[in-house]
$ cat my_file.csv   # CSV, C-alpha atoms and all ligand atoms
chain,number,residue,atom,x,y,z
H,708,MET,CA,-67.3,51.8,89.5
H,709,ARG,CA,-68.8,53.0,86.3
H,710,ASN,CA,-70.9,50.9,84.0
H,711,ARG,CA,-69.3,49.1,81.1
H,712,ILE,CA,-71.6,48.7,78.1
H,713,VAL,CA,-71.7,47.0,74.7
H,714,ALA,CA,-74.5,48.4,72.6
H,715,GLY,CA,-75.7,47.1,69.2
H,716,ASN,CA,-76.8,49.7,66.7
H,717,TRP,CA,-78.6,47.6,64.1
H,718,LYS,CA,-79.3,50.6,61.9
H,719,MET,CA,-81.8,49.8,59.1
H,720,ASN,CA,-81.1,46.1,58.9
H,721,LYS,CA,-83.0,42.8,59.3
H,722,ASN,CA,-86.7,41.9,58.7
H,723,PHE,CA,-88.9,41.2,61.7
H,724,PHE,CA,-88.2,37.4,61.8
H,725,GLU,CA,-84.5,37.8,61.4
H,726,ALA,CA,-84.5,40.4,64.2
H,727,GLU,CA,-86.5,38.1,66.5
H,728,GLU,CA,-84.1,35.3,65.9
H,729,LEU,CA,-81.0,37.4,66.5
H,730,ILE,CA,-82.5,38.8,69.7
H,731,ALA,CA,-83.5,35.3,70.9
H,732,GLN,CA,-80.0,34.0,70.2
H,733,ILE,CA,-78.4,36.8,72.2
H,734,ALA,CA,-80.9,36.5,75.0
H,735,ASP,CA,-80.3,32.7,75.2
H,736,SER,CA,-76.5,33.1,75.4
H,737,LEU,CA,-76.6,35.9,78.0
H,738,GLY,CA,-79.0,33.9,80.2
H,739,ASP,CA,-80.9,36.0,82.7
H,740,ILE,CA,-78.2,37.0,85.1
H,741,GLN,CA,-76.8,40.4,84.4
H,742,ALA,CA,-73.1,40.7,85.4
H,743,GLU,CA,-72.5,43.6,87.8
H,744,ASN,CA,-71.7,46.8,85.9
H,745,LYS,CA,-71.8,45.1,82.6
H,746,ILE,CA,-74.7,46.0,80.3
H,747,VAL,CA,-75.8,44.8,76.9
H,748,ILE,CA,-78.1,47.2,75.0
H,749,LEU,CA,-79.8,46.2,71.7
H,750,CYS,CA,-81.0,49.0,69.5
H,751,PRO,CA,-83.2,47.4,66.7
H,752,PRO,CA,-85.4,49.5,64.3
H,753,PHE,CA,-88.5,51.1,65.8
H,754,PRO,CA,-91.1,48.5,64.7
H,755,TYR,CA,-89.2,45.8,66.6
H,756,LEU,CA,-88.9,47.6,69.9
H,757,GLU,CA,-92.0,46.0,71.5
H,758,MET,CA,-90.8,42.5,70.5
H,759,ALA,CA,-87.4,43.3,71.9
H,760,THR,CA,-88.7,44.7,75.2
H,761,ASP,CA,-91.0,41.6,75.6
H,762,ILE,CA,-88.0,39.3,75.3
H,763,ALA,CA,-85.9,41.6,77.5
H,764,GLU,CA,-88.3,41.1,80.4
H,765,ASP,CA,-86.8,37.7,81.1
H,766,ALA,CA,-83.3,38.3,79.7
H,767,ALA,CA,-80.1,40.2,80.6
H,768,PHE,CA,-80.2,43.0,78.1
H,769,ALA,CA,-81.7,46.4,77.8
H,770,VAL,CA,-83.4,47.9,74.8
H,771,GLY,CA,-82.6,51.1,73.1
H,772,ALA,CA,-84.1,53.1,70.2
H,773,GLN,CA,-82.0,54.5,67.4
H,774,ASN,CA,-83.7,57.8,67.1
H,775,VAL,CA,-86.4,60.0,68.7
H,776,TYR,CA,-88.2,63.3,68.1
H,777,PRO,CA,-87.8,65.9,70.9
H,778,ASP,CA,-91.5,66.6,71.7
H,779,ASP,CA,-93.8,64.3,73.7
H,780,SER,CA,-96.7,64.4,71.2
H,781,GLY,CA,-98.2,66.4,68.4
H,782,ALA,CA,-98.5,66.8,64.6
H,783,PHE,CA,-95.2,65.3,63.6
H,784,THR,CA,-96.2,62.7,61.1
H,785,GLY,CA,-93.9,59.7,61.1
H,786,GLU,CA,-92.0,60.6,64.3
H,787,VAL,CA,-91.7,58.8,67.6
H,788,SER,CA,-91.6,60.6,70.9
H,789,PRO,CA,-89.6,60.1,74.1
H,790,ALA,CA,-92.8,59.5,76.0
H,791,MET,CA,-93.7,56.7,73.6
H,792,LEU,CA,-90.4,55.1,74.1
H,793,ALA,CA,-90.7,55.4,77.9
H,794,SER,CA,-94.2,53.9,77.8
H,795,MET,CA,-92.7,50.8,76.0
H,796,GLU,CA,-90.0,50.4,78.6
H,797,VAL,CA,-87.3,51.4,76.2
H,798,GLU,CA,-84.4,52.4,78.4
H,799,TYR,CA,-81.9,54.0,76.1
H,800,CYS,CA,-81.9,56.0,72.8
H,801,ILE,CA,-79.1,56.9,70.5
H,802,VAL,CA,-78.8,60.6,69.8
H,803,GLY,CA,-76.4,62.4,67.4
H,804,HIS,CA,-75.3,59.5,65.3
H,805,SER,CA,-73.2,60.8,62.4
H,806,GLU,CA,-75.6,59.2,59.9
H,807,ARG,CA,-78.4,61.4,61.4
H,808,ARG,CA,-76.2,64.4,61.4
H,809,LYS,CA,-75.2,63.8,57.8
H,810,TYR,CA,-78.4,62.5,56.1
H,811,PHE,CA,-81.0,64.3,58.2
H,812,ASN,CA,-79.1,67.5,58.9
H,813,GLU,CA,-79.6,67.2,62.6
H,814,SER,CA,-78.1,70.3,64.3
H,815,HIS,CA,-76.4,70.7,67.7
H,816,GLU,CA,-79.5,72.6,68.9
H,817,PHE,CA,-81.9,69.9,67.7
H,818,LEU,CA,-79.9,67.2,69.4
H,819,ALA,CA,-79.9,69.2,72.6
H,820,ARG,CA,-83.7,69.2,72.5
H,821,LYS,CA,-83.8,65.4,71.9
H,822,LEU,CA,-81.6,65.0,75.0
H,823,ASP,CA,-84.0,67.2,77.0
H,824,GLY,CA,-87.0,65.2,75.9
H,825,LEU,CA,-85.4,61.9,76.6
H,826,LEU,CA,-84.2,62.8,80.1
H,827,LYS,CA,-87.6,64.3,81.0
H,828,ASN,CA,-89.0,60.9,80.3
H,829,SER,CA,-86.2,58.9,82.0
H,830,VAL,CA,-84.9,57.4,78.8
H,831,LYS,CA,-81.1,57.4,78.9
H,832,PRO,CA,-79.4,59.0,75.8
H,833,VAL,CA,-76.4,57.4,74.1
H,834,PHE,CA,-74.9,60.6,72.8
H,835,CYS,CA,-72.6,60.2,69.8
H,836,CYS,CA,-69.8,62.6,68.9
H,837,GLY,CA,-66.8,62.4,66.6
H,838,GLU,CA,-64.9,64.0,63.8
H,839,LEU,CA,-64.8,63.6,60.0
H,840,LEU,CA,-61.6,62.4,58.4
H,841,PRO,CA,-60.5,65.9,57.0
H,842,GLU,CA,-61.1,67.3,60.5
H,843,ARG,CA,-58.7,64.7,62.0
H,844,GLU,CA,-56.2,65.2,59.2
H,845,ALA,CA,-56.3,69.0,59.9
H,846,GLY,CA,-55.7,68.3,63.6
H,847,LYS,CA,-59.1,69.7,64.5
H,848,HIS,CA,-60.6,66.5,66.1
H,849,PHE,CA,-60.4,67.7,69.7
H,850,LYS,CA,-62.0,71.1,68.8
H,851,VAL,CA,-64.8,69.3,66.9
H,852,VAL,CA,-65.7,67.0,69.7
H,853,GLU,CA,-65.5,69.8,72.2
H,854,GLN,CA,-68.0,71.9,70.2
H,855,GLN,CA,-70.4,68.9,69.9
H,856,LEU,CA,-70.4,68.4,73.6
H,857,HIS,CA,-70.7,72.1,74.4
H,858,GLU,CA,-73.5,72.8,72.1
H,859,SER,CA,-75.7,69.7,72.7
H,860,LEU,CA,-74.8,68.4,76.1
H,861,PHE,CA,-73.3,70.9,78.5
H,862,HIS,CA,-76.5,72.7,79.2
H,863,LEU,CA,-77.6,69.6,81.2
H,864,THR,CA,-77.6,69.6,85.0
H,865,GLU,CA,-75.2,67.3,87.0
H,866,ASP,CA,-78.0,64.9,87.6
H,867,GLN,CA,-79.0,64.8,84.0
H,868,ILE,CA,-75.5,64.4,82.5
H,869,SER,CA,-75.0,61.5,84.9
H,870,ASP,CA,-77.7,59.6,83.0
H,871,VAL,CA,-76.0,60.1,79.6
H,872,VAL,CA,-73.8,57.6,78.0
H,873,ILE,CA,-71.3,59.1,75.5
H,874,ALA,CA,-70.1,57.3,72.4
H,875,TYR,CA,-67.0,58.6,70.7
H,876,GLU,CA,-67.4,57.5,67.0
H,877,PRO,CA,-64.8,59.0,64.6
H,878,VAL,CA,-66.8,59.2,61.4
H,879,TRP,CA,-64.0,57.9,59.3
H,880,ALA,CA,-64.1,54.7,61.3
H,881,ILE,CA,-67.8,54.0,61.0
H,882,GLY,CA,-68.5,51.1,58.6
H,883,THR,CA,-65.1,51.4,57.0
H,884,GLY,CA,-63.2,48.6,58.6
H,885,MET,CA,-60.7,51.2,59.7
H,886,ASN,CA,-61.1,51.4,63.4
H,887,ALA,CA,-59.3,54.1,65.5
H,888,THR,CA,-56.2,52.6,67.2
H,889,PRO,CA,-56.7,51.9,70.9
H,890,GLU,CA,-54.3,54.8,71.6
H,891,GLN,CA,-56.4,57.2,69.5
H,892,ALA,CA,-59.5,56.1,71.2
H,893,GLN,CA,-58.0,56.4,74.7
H,894,GLU,CA,-56.6,59.9,73.9
H,895,MET,CA,-60.0,61.2,72.9
H,896,HIS,CA,-61.9,59.4,75.7
H,897,ALA,CA,-59.5,60.9,78.3
H,898,TYR,CA,-60.1,64.3,76.6
H,899,ILE,CA,-63.9,64.0,76.8
H,900,ARG,CA,-63.6,63.0,80.4
H,901,SER,CA,-61.4,66.0,81.1
H,902,LEU,CA,-64.0,68.3,79.5
H,903,ILE,CA,-66.8,66.8,81.7
H,904,SER,CA,-64.6,67.2,84.7
H,905,ALA,CA,-63.9,70.9,83.9
H,906,LYS,CA,-67.6,71.6,83.3
H,907,TYR,CA,-69.0,69.6,86.1
H,908,SER,CA,-66.7,67.8,88.5
H,909,SER,CA,-64.1,64.9,88.5
H,910,LYS,CA,-66.6,62.8,90.4
H,911,ILE,CA,-69.3,63.2,87.6
H,912,ALA,CA,-66.6,62.7,84.9
H,913,ASP,CA,-65.4,59.5,86.6
H,914,GLY,CA,-68.9,58.1,86.7
H,915,ILE,CA,-69.8,58.6,83.0
H,916,THR,CA,-69.5,55.7,80.6
H,917,ILE,CA,-67.7,56.5,77.4
H,918,LEU,CA,-68.1,54.0,74.5
H,919,TYR,CA,-65.9,53.7,71.4
H,920,GLY,CA,-67.7,53.1,68.1
H,921,GLY,CA,-66.4,52.7,64.5
H,922,SER,CA,-65.4,49.3,63.1
H,923,CYS,CA,-65.2,47.8,66.5
H,924,ASN,CA,-65.4,44.0,66.1
H,925,ALA,CA,-64.7,40.6,67.6
H,926,LYS,CA,-61.0,40.9,66.8
H,927,ASN,CA,-60.2,44.4,68.0
H,928,ALA,CA,-62.7,44.9,70.9
H,929,ALA,CA,-60.5,43.4,73.7
H,930,GLU,CA,-57.6,45.7,72.9
H,931,LEU,CA,-59.8,48.8,72.6
H,932,PHE,CA,-61.6,48.0,75.8
H,933,SER,CA,-58.4,47.4,77.7
H,934,LYS,CA,-57.8,51.2,77.7
H,935,PRO,CA,-58.6,52.9,81.0
H,936,ASP,CA,-61.1,55.4,79.6
H,937,VAL,CA,-62.8,53.1,77.0
H,938,ASP,CA,-65.8,51.7,78.8
H,939,GLY,CA,-67.2,49.5,76.0
H,940,GLY,CA,-68.4,49.9,72.5
H,941,LEU,CA,-71.3,51.1,70.2
H,942,ILE,CA,-71.2,48.4,67.6
H,943,GLY,CA,-72.8,48.6,64.1
H,944,GLY,CA,-71.9,45.9,61.6
H,945,ALA,CA,-70.6,43.4,64.1
H,946,SER,CA,-73.8,43.6,66.2
H,947,LEU,CA,-75.8,41.8,63.4
H,948,LYS,CA,-74.2,38.4,64.1
H,949,ALA,CA,-74.9,36.9,67.5
H,950,ASP,CA,-71.4,35.2,67.8
H,951,ASP,CA,-69.5,38.3,67.0
H,952,PHE,CA,-71.6,40.5,69.3
H,953,LEU,CA,-71.3,38.1,72.2
H,954,THR,CA,-67.5,37.8,71.7
H,955,ILE,CA,-67.4,41.6,71.9
H,956,PHE,CA,-69.4,41.5,75.1
H,957,ASP,CA,-67.0,38.9,76.5
H,958,ALA,CA,-64.2,41.4,75.8
H,959,LEU,CA,-65.7,43.9,78.2
H,1001,LIG,P1,-69.8,50.1,62.7
H,1001,LIG,O1,-70.8,51.2,63.1
H,1001,LIG,O2,-69.5,49.3,63.9
H,1001,LIG,O3,-70.4,49.3,61.6
H,1001,LIG,O4,-68.5,50.9,62.2
H,1001,LIG,C1,-70.8,51.8,64.4
H,1001,LIG,C2,-71.9,52.8,64.5
H,1001,LIG,O5,-72.3,53.4,63.5
H,1001,LIG,O6,-72.5,53.0,65.6
$ encode --input "my_file.csv" --output "C-alpha cells"
Amino acid sequence: MRNRIVAGNWKMNKNFFEAEELIAQIADSLGDIQAENKIVILCPPFPYLEMATDIAEDAAFAVGAQNVYPDDSGAFTGEVSPAMLASMEVEYCIVGHSERRKYFNESHEFLARKLDGLLKNSVKPVFCCGELLPEREAGKHFKVVEQQLHESLFHLTEDQISDVVIAYEPVWAIGTGMNATPEQAQEMHAYIRSLISAKYSSKIADGITILYGGSCNAKNAAELFSKPDVDGGLIGGASLKADDFLTIFDAL
C-alpha cells in the first residue's frame, strides 16, 4: 500500500511566533501516533525549520523545506544545501513549484540537479508539475506534464524515483479558489502513473504517491482524495489554519 500524504506548503507566510503556534496546534491535535501509511508534512520557511524539527521529534508529522540549492556547499550566498537540510533532519523538500519556475526562472535541468542533490542526501523530493491555463485550454496539459517529468525526473534510477513524491498542481488552480475537478485530477494522476509505469515498471508506478495541489481545501479534499490515483494533497492557503489543515488530513 502506498503512502497517503497531506503536505502544508506555507510559502512566505507567518512570523516566527505565529509559526510556532500553528505547528504546536497541529502537533497537539495529531498526538504522537502516526497512522499507518498516512503522513503529515509541514513545510515552513527556512528559518523555522529547526523549531519545526524540534517539535516533530515528539509528534506525528514530518518536516519539509520549500526550496534547496543543488550543491552540498560552496560560494552561493543566501542559498541552503541538501546536506544542510539532511543535517537538520528535514525529511522532505519541495522542488519545481510553479512559483519557483515562474519568479526564479528555474529550468528543467536545474530542477533535475536539485533532485540529484536531495536524493544523494536522503532528503525526499516533493516534485511539482502542472500546466498553465492556456496550455490546458489548448489541450496541451498532458504533453506539458510529460515533458516536465521527462526532463527533470526520468533520469533517476528505480531506487531513486521510489523516494520521490509527485505533486500535480495545475497552475491555474494555485491560490485561485478554482480547484481542478476530482475527475480532472484523477485523469492526470492516472496519466502520470502510466508514464512512470512505461519508463520504470508498474510495480514502481503503483508505489509512488501522487498528490493533488491547487485550491485544495477543507470542503473539497474528501472528494479529491476519493479518487483512486489521488494519494493526498499539497496544500497552500488552507495549510495556514490548523482546523482546516487537520480537516484535510482527516479526509485522507
Ligand atoms: P493553494 O497552493 O492550496 O493555496 O492553491 C497550493 C500550492 O501552491 O502548493
$ residues_around --input "my_file.csv" --residues "Pro841 (chain H)" --least-positions-apart "5" --cutoff "12 Å" --atoms "only C-alpha atoms" --output "list in words"
Gly846, Lys847, His848, Val851, Pro877, Val878 and Trp879 of chain H
$ closest_residue --input "my_file.csv" --among "H:Thr916, H:Thr883, H:Gln741, H:Ser901" --to "ligand LIG 1001 (chain H)" --atoms "all atoms listed in the file"
H:Thr883
$ residues_near_ligand --input "my_file.csv" --ligand "ligand LIG 1001 (chain H)" --cutoff "9 Å" --atoms "all atoms listed in the file" --output "MDAnalysis selection string"
chainID H and resid 714:718 804:806 835 874 876 878:886 919:924 940:946
$ residues_around --input "my_file.csv" --residues "Ser859 (chain H)" --least-positions-apart "4" --cutoff "9 Å" --atoms "only C-alpha atoms" --output "MDAnalysis selection string"
chainID H and resid 814:820 822 854:855 863
$ residues_around --input "my_file.csv" --residues "Phe849 (chain H)" --least-positions-apart "6" --cutoff "12 Å" --atoms "only C-alpha atoms" --output "PyMOL selection string"
chain H and resi 836-839+842-843+855-856+875+877+891-892+894-899+901-902
$ closest_residue --input "my_file.csv" --among "H:Gly939, H:Glu764, H:Ser909, H:Ser829" --to "Asn744 (chain H)" --atoms "all atoms listed in the file"
H:Gly939
$ atom_distance --input "my_file.csv" --atom1 "CA of Asp957 (chain H)" --atom2 "CA of Val937 (chain H)"
14.8 Å
$ atom_distance --input "my_file.csv" --atom1 "CA of Lys934 (chain H)" --atom2 "CA of Arg711 (chain H)"
12.2 Å
$ atom_distance --input "my_file.csv" --atom1 "CA of Asn720 (chain H)" --atom2 "CA of Ala782 (chain H)"
27.6 Å
$ residues_around --input "my_file.csv" --residues "Ala767 (chain H)" --least-positions-apart "5" --cutoff "10 Å" --atoms "all atoms listed in the file" --output "compact mmCIF listing (two decimals) with C-alpha atoms, in the coordinates of the input"
# COMPACT_ATOMS: atom_id res chain seq x y z
CA ILE H 733 -78.40 36.80 72.20
CA ALA H 734 -80.90 36.50 75.00
CA ASP H 735 -80.30 32.70 75.20
CA SER H 736 -76.50 33.10 75.40
CA LEU H 737 -76.60 35.90 78.00
CA GLY H 738 -79.00 33.90 80.20
CA ASP H 739 -80.90 36.00 82.70
CA ILE H 740 -78.20 37.00 85.10
CA GLN H 741 -76.80 40.40 84.40
CA ALA H 742 -73.10 40.70 85.40
CA LYS H 745 -71.80 45.10 82.60
CA ILE H 746 -74.70 46.00 80.30
CA VAL H 747 -75.80 44.80 76.90
CA ILE H 748 -78.10 47.20 75.00
CA ILE H 762 -88.00 39.30 75.30
$ closest_residue --input "my_file.csv" --among "H:Asp778, H:Gly914, H:Lys821, H:Glu844" --to "Asp866 (chain H)" --atoms "all atoms listed in the file"
H:Gly914
$ closest_residue --input "my_file.csv" --among "H:Ile915, H:Leu825, H:Ala790, H:Ile903" --to "Asp936 (chain H)" --atoms "all atoms listed in the file"
H:Ile915
$ closest_residue --input "my_file.csv" --among "H:Thr864, H:Thr954, H:Ser788, H:Ser780" --to "Lys906 (chain H)" --atoms "all atoms listed in the file"
H:Thr864
$ closest_residue --input "my_file.csv" --among "H:Met719, H:Met791, H:Met758, H:Leu953" --to "Lys926 (chain H)" --atoms "only C-alpha atoms"
H:Leu953
$ decode --input "my_file.csv" --residues "region 820-934 of chain H" --atoms "C-alpha atoms" --output "short mmCIF file (atom, residue, chain, number, x, y, z; two decimals), in the first residue's frame"
data_model
loop_
_atom_site.label_atom_id
_atom_site.label_comp_id
_atom_site.auth_asym_id
_atom_site.auth_seq_id
_atom_site.Cartn_x
_atom_site.Cartn_y
_atom_site.Cartn_z
CA ARG H 820 20.11 18.82 -10.27
CA LYS H 821 18.13 19.69 -7.15
CA LEU H 822 16.57 16.22 -7.20
CA ASP H 823 20.02 14.64 -7.50
CA GLY H 824 21.38 16.69 -4.60
CA LEU H 825 18.44 15.88 -2.35
CA LEU H 826 18.43 12.15 -3.11
CA LYS H 827 22.19 11.95 -2.55
CA ASN H 828 21.50 13.28 0.95
CA SER H 829 18.43 11.07 1.57
CA VAL H 830 16.02 14.01 1.59
CA LYS H 831 12.83 13.04 -0.24
CA PRO H 832 11.79 15.44 -3.01
CA VAL H 833 8.17 16.51 -3.46
CA PHE H 834 8.32 17.20 -7.19
CA CYS H 835 5.68 19.59 -8.54
CA CYS H 836 4.41 19.53 -12.09
CA GLY H 837 1.42 21.08 -13.82
CA GLU H 838 0.24 23.12 -16.75
CA LEU H 839 -0.70 26.80 -17.20
CA LEU H 840 -4.26 27.76 -18.08
CA PRO H 841 -3.55 28.49 -21.78
CA GLU H 842 -1.83 25.13 -22.04
CA ARG H 843 -4.90 23.35 -20.69
CA GLU H 844 -7.19 25.39 -22.88
CA ALA H 845 -5.10 24.37 -25.89
CA GLY H 846 -5.36 20.72 -24.86
CA LYS H 847 -1.61 20.53 -24.20
CA HIS H 848 -1.73 19.68 -20.48
CA PHE H 849 -0.69 16.04 -20.87
CA LYS H 850 2.27 16.98 -23.11
CA VAL H 851 3.41 19.70 -20.68
CA VAL H 852 3.40 17.41 -17.67
CA GLU H 853 5.06 14.63 -19.67
CA GLN H 854 7.90 16.99 -20.62
CA GLN H 855 8.33 18.15 -17.00
CA LEU H 856 8.68 14.55 -15.85
CA HIS H 857 10.97 13.54 -18.71
CA GLU H 858 13.36 16.43 -18.33
CA SER H 859 13.66 16.62 -14.54
CA LEU H 860 12.73 13.21 -13.17
CA PHE H 861 13.18 10.36 -15.58
CA HIS H 862 16.97 10.26 -15.38
CA LEU H 863 16.60 8.84 -11.85
CA THR H 864 17.19 5.16 -11.08
CA GLU H 865 14.35 2.91 -9.90
CA ASP H 866 15.54 3.21 -6.31
CA GLN H 867 15.75 6.98 -6.54
CA ILE H 868 12.35 7.57 -8.11
CA SER H 869 10.76 5.40 -5.45
CA ASP H 870 11.80 8.07 -2.91
CA VAL H 871 10.11 10.89 -4.84
CA VAL H 872 6.63 12.19 -4.07
CA ILE H 873 4.95 13.79 -7.10
CA ALA H 874 2.52 16.69 -6.76
CA TYR H 875 0.29 17.52 -9.70
CA GLU H 876 -0.52 21.20 -9.36
CA PRO H 877 -2.32 22.80 -12.30
CA VAL H 878 -1.01 26.36 -12.17
CA TRP H 879 -4.44 27.84 -12.85
CA ALA H 880 -5.71 26.23 -9.66
CA ILE H 881 -2.99 27.51 -7.31
CA GLY H 882 -4.25 30.20 -4.97
CA THR H 883 -7.22 30.94 -7.23
CA GLY H 884 -10.03 29.13 -5.43
CA MET H 885 -10.62 27.28 -8.71
CA ASN H 886 -9.56 23.71 -7.95
CA ALA H 887 -9.34 21.03 -10.62
CA THR H 888 -12.38 18.78 -10.55
CA PRO H 889 -11.80 15.37 -8.98
CA GLU H 890 -12.18 13.91 -12.49
CA GLN H 891 -9.53 16.25 -13.95
CA ALA H 892 -7.17 15.38 -11.10
CA GLN H 893 -7.78 11.64 -11.44
CA GLU H 894 -7.25 11.77 -15.20
CA MET H 895 -3.86 13.48 -14.85
CA HIS H 896 -2.75 11.38 -11.89
CA ALA H 897 -3.55 8.18 -13.80
CA TYR H 898 -1.63 9.57 -16.77
CA ILE H 899 1.41 10.38 -14.60
CA ARG H 900 1.29 6.87 -13.15
CA SER H 901 1.11 5.39 -16.65
CA LEU H 902 4.21 7.36 -17.68
CA ILE H 903 6.12 6.07 -14.65
CA SER H 904 4.95 2.56 -15.42
CA ALA H 905 6.15 2.82 -19.03
CA LYS H 906 9.52 4.29 -18.03
CA TYR H 907 10.15 2.07 -14.97
CA SER H 908 7.59 -0.63 -14.13
CA SER H 909 4.02 -0.96 -12.95
CA LYS H 910 5.33 -2.01 -9.55
CA ILE H 911 7.30 1.23 -9.18
CA ALA H 912 4.35 3.28 -10.51
CA ASP H 913 1.94 1.67 -8.05
CA GLY H 914 4.18 2.56 -5.13
CA ILE H 915 4.59 6.27 -5.91
CA THR H 916 2.50 8.79 -4.01
CA ILE H 917 0.91 11.40 -6.28
CA LEU H 918 -0.57 14.44 -4.53
CA TYR H 919 -3.01 16.96 -5.89
CA GLY H 920 -2.37 20.67 -5.25
CA GLY H 921 -4.25 23.83 -6.19
CA SER H 922 -7.04 25.32 -4.05
CA CYS H 923 -7.49 22.04 -2.19
CA ASN H 924 -9.34 22.89 1.00
CA ALA H 925 -11.39 21.54 3.89
CA LYS H 926 -14.50 21.45 1.70
CA ASN H 927 -13.23 19.72 -1.43
CA ALA H 928 -10.43 17.49 -0.09
CA ALA H 929 -12.56 14.41 0.63
CA GLU H 930 -13.92 14.28 -2.90
CA LEU H 931 -10.50 14.82 -4.48
CA PHE H 932 -8.88 12.21 -2.23
CA SER H 933 -11.62 9.67 -3.00
CA LYS H 934 -10.18 9.19 -6.49
#
